[in-house]
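Since the structure comes first, as structure tokens, the remarks are kept for the end.
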Amino acid sequence: MAVELDETLFPDIHEVLMAYLAPIAETDTEPPHEDGIGIQINRVGGASDGISDYPRVQITCHHPDPRGASLLARKVANRMENIAGEAIEVEDEPRPICIDSCRVDTPPEAEPYENPDARREVAFYALSLQKPWRR
């Protein structure tokens with residue numbers, strides 16, 4: 001009996017979160033240009049059991065003003081707390097992506113930054129999602 005290899009890939013969590021958080025501010029995997037406002041998304045760990053992916057992500061909110069960074073981080077946190085069950089349209093994915101769960105590992109907190117004229121707030125989230133269903 002031959003076992004068929006499932007070649008369906010997990011979605012790129014960076015792409016999923018960039019699409020989901022885009023309505024709040026510019027998103028990328030790199031910090032915005034100097035004195036810029038933006039949301040930086042990086043996978044920093046996690047695991048997969050072949051059925052579900054469990055990415056741990058760091059989301060860094062950049063803003064030139066401390067209050068602006070805090071407000072941006074709180075908007076992101078609020079949106080992340082409501083991500084489970086949302087249909088997220090991601091370019092090059094044939095179907096919307098659905099996050100099964102999201103847990104806050106570390107809520108947003110201010111972090112020192114090399115540039116004294118810029119501020120950033122960093123938070124960590126643990127997510128779970130399955131491979132998209134294909135027809």
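In the structure tokens, each chain is lettered A, B, ... as it comes, each chain's residues begin at 1, and ligands are numbered from 1 in order of appearance.
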message = Taking the DSSP secondary structure from the backbone, can you list the residues of chain A that are helix (DSSP H, G or I), as a count of residues only?
response = 25
List every residue of stretch 42-112 of chain A that has an atom at most 12 Å from any atom of stretch 24-36 of chain A, and for each one report the closest atom pair and its distance in Å to one decimal, counting only C-alpha atoms, with rows sorted by chain and then by increasing residue number, as CSV.
residue,atom,partner,partner_atom,distance
A:Asn42,CA,A:Thr29,CA,5.8
A:Arg43,CA,A:Thr29,CA,9.1
A:Val44,CA,A:Thr29,CA,11.7
A:Val57,CA,A:Thr29,CA,11.0
A:Gln58,CA,A:Thr29,CA,10.1
A:Ile59,CA,A:Thr29,CA,9.3
A:Thr60,CA,A:Pro31,CA,8.3
A:Cys61,CA,A:Pro31,CA,8.8
A:His62,CA,A:Gly36,CA,6.9
A:His63,CA,A:Gly36,CA,6.1
A:Pro64,CA,A:Asp35,CA,5.4
A:Asp65,CA,A:Asp35,CA,9.2
A:Gly68,CA,A:Gly36,CA,11.3
A:Ala69,CA,A:Gly36,CA,10.8
A:Leu71,CA,A:Ile24,CA,10.8
A:Leu72,CA,A:Ile24,CA,7.8
A:Ala73,CA,A:Ile24,CA,10.0
A:Arg74,CA,A:Ile24,CA,10.8
A:Lys75,CA,A:Ile24,CA,7.4
A:Val76,CA,A:Ile24,CA,7.4
A:Ala77,CA,A:Ile24,CA,11.1
A:Asn78,CA,A:Ile24,CA,11.0
A:Arg79,CA,A:Ile24,CA,9.1
A:Met80,CA,A:Ile24,CA,11.6
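Considering only C-alpha atoms, the residue among A:Asp53, A:Glu109, A:Phe10, A:Leu21 positioned nearest to A:Glu121 is A:Glu109.
Of the residues listed (A:Asp100, A:Glu93, A:Glu111, A:Glu81), A:Glu111 shows the shortest atom-to-atom separation from A:Pro66; distances use only C-alpha atoms.
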message = If you run DSSP on the backbone here, which positions in chain A get strand (DSSP E)? Please write them as a VMD selection string.
response = chain A and resid 27 to 28 38 to 48 52 to 63 87 to 88 97 to 111 119 to 130
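Using only C-alpha atoms, the shortest contact distance between A:Arg56 and any of A:Thr106, A:Gln130, A:Gln40, A:Thr8 is found at A:Thr106.
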request  = For atom CA of A:Ser128 and atom CA of A:Ser101, determine how far apart the two atoms are, in Å to one decimal place.
outcome  = 5.3 Å
request  = Write out as a VMD selection string which residues come within 10 Å of A:Pro55 when counting only C-alpha atoms, dropping same-chain ones fewer than 3 positions away.
outcome  = chain A and resid 12 to 14 42 to 48 52 58 102 125 to 129
task = Provide the atom CA of A:Ala110 to atom CA of A:Gly38 distance in Å, to one decimal place.
result = 14.9 Å
Which residues are close to A:Glu86, i.e. within 9 Å by only C-alpha atoms, leaving aside same-chain residues fewer than 4 positions away? Reply as a short mmCIF file (atom, residue, chain, number, x, y, z; two decimals) with N, CA, C and O atoms, in the first residue's frame.
data_model
loop_
_atom_site.label_atom_id
_atom_site.label_comp_id
_atom_site.auth_asym_id
_atom_site.auth_seq_id
_atom_site.Cartn_x
_atom_site.Cartn_y
_atom_site.Cartn_z
N ASN A 82 -8.63 39.22 18.37
CA ASN A 82 -9.85 38.88 17.64
C ASN A 82 -9.58 38.17 16.32
O ASN A 82 -10.46 38.09 15.47
N PRO A 96 -9.11 31.72 1.63
CA PRO A 96 -8.77 32.52 2.81
C PRO A 96 -8.12 31.63 3.89
O PRO A 96 -8.42 30.44 4.00
N ILE A 97 -7.26 32.24 4.67
CA ILE A 97 -6.57 31.55 5.76
C ILE A 97 -7.31 31.84 7.06
O ILE A 97 -7.72 32.97 7.31
N CYS A 98 -7.44 30.82 7.88
CA CYS A 98 -8.12 30.98 9.16
C CYS A 98 -7.16 30.60 10.29
O CYS A 98 -6.60 29.51 10.28
N ILE A 99 -6.98 31.50 11.23
CA ILE A 99 -6.18 31.22 12.42
C ILE A 99 -7.10 30.55 13.43
O ILE A 99 -8.19 31.05 13.72
N ASP A 100 -6.67 29.41 13.97
CA ASP A 100 -7.50 28.68 14.94
C ASP A 100 -7.47 29.32 16.32
O ASP A 100 -8.49 29.37 17.00
#
Name all residues at most 10 Å from A:Glu91 (count only C-alpha atoms; drop same-chain ones fewer than 4 positions away) and give them as an mmCIF file with all heavy atoms, in the first residue's frame.
data_model
loop_
_atom_site.group_PDB
_atom_site.id
_atom_site.type_symbol
_atom_site.label_atom_id
_atom_site.label_comp_id
_atom_site.auth_asym_id
_atom_site.auth_seq_id
_atom_site.Cartn_x
_atom_site.Cartn_y
_atom_site.Cartn_z
ATOM 1 N N GLU A 15 3.116 36.515 5.806
ATOM 2 C CA GLU A 15 2.173 37.007 4.797
ATOM 3 C C GLU A 15 0.766 37.119 5.370
ATOM 4 O O GLU A 15 0.045 38.077 5.095
ATOM 5 C CB GLU A 15 2.171 36.085 3.570
ATOM 6 C CG GLU A 15 3.477 36.039 2.823
ATOM 7 C CD GLU A 15 3.820 37.347 2.128
ATOM 8 O OE1 GLU A 15 2.893 38.098 1.756
ATOM 9 O OE2 GLU A 15 5.019 37.613 1.965
ATOM 10 N N VAL A 16 0.374 36.138 6.175
ATOM 11 C CA VAL A 16 -0.964 36.143 6.779
ATOM 12 C C VAL A 16 -1.125 37.354 7.690
ATOM 13 O O VAL A 16 -2.100 38.104 7.588
ATOM 14 C CB VAL A 16 -1.222 34.834 7.554
ATOM 15 C CG1 VAL A 16 -2.548 34.897 8.313
ATOM 16 C CG2 VAL A 16 -1.197 33.630 6.619
ATOM 17 N N ALA A 19 -1.126 40.798 5.891
ATOM 18 C CA ALA A 19 -2.425 41.081 5.282
ATOM 19 C C ALA A 19 -3.452 41.458 6.354
ATOM 20 O O ALA A 19 -4.230 42.401 6.174
ATOM 21 C CB ALA A 19 -2.906 39.865 4.489
ATOM 22 N N ARG A 95 -7.424 30.016 -1.081
ATOM 23 C CA ARG A 95 -8.561 30.199 -0.179
ATOM 24 C C ARG A 95 -8.141 31.102 0.974
ATOM 25 O O ARG A 95 -6.963 31.222 1.285
ATOM 26 C CB ARG A 95 -8.998 28.859 0.399
ATOM 27 C CG ARG A 95 -9.413 27.833 -0.649
ATOM 28 C CD ARG A 95 -9.808 26.560 0.062
ATOM 29 N NE ARG A 95 -10.890 25.792 -0.453
ATOM 30 C CZ ARG A 95 -12.061 26.190 -0.914
ATOM 31 N NH1 ARG A 95 -12.343 27.437 -0.957
ATOM 32 N NH2 ARG A 95 -12.956 25.351 -1.351
ATOM 33 N N PRO A 96 -9.114 31.717 1.632
ATOM 34 C CA PRO A 96 -8.775 32.516 2.811
ATOM 35 C C PRO A 96 -8.125 31.633 3.885
ATOM 36 O O PRO A 96 -8.423 30.443 3.995
ATOM 37 C CB PRO A 96 -10.123 33.051 3.293
ATOM 38 C CG PRO A 96 -11.020 32.974 2.098
ATOM 39 C CD PRO A 96 -10.537 31.796 1.304
#
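A straight line drawn from atom CA of A:Lys131 to atom CA of A:Ala84 is 14.8 Å long.
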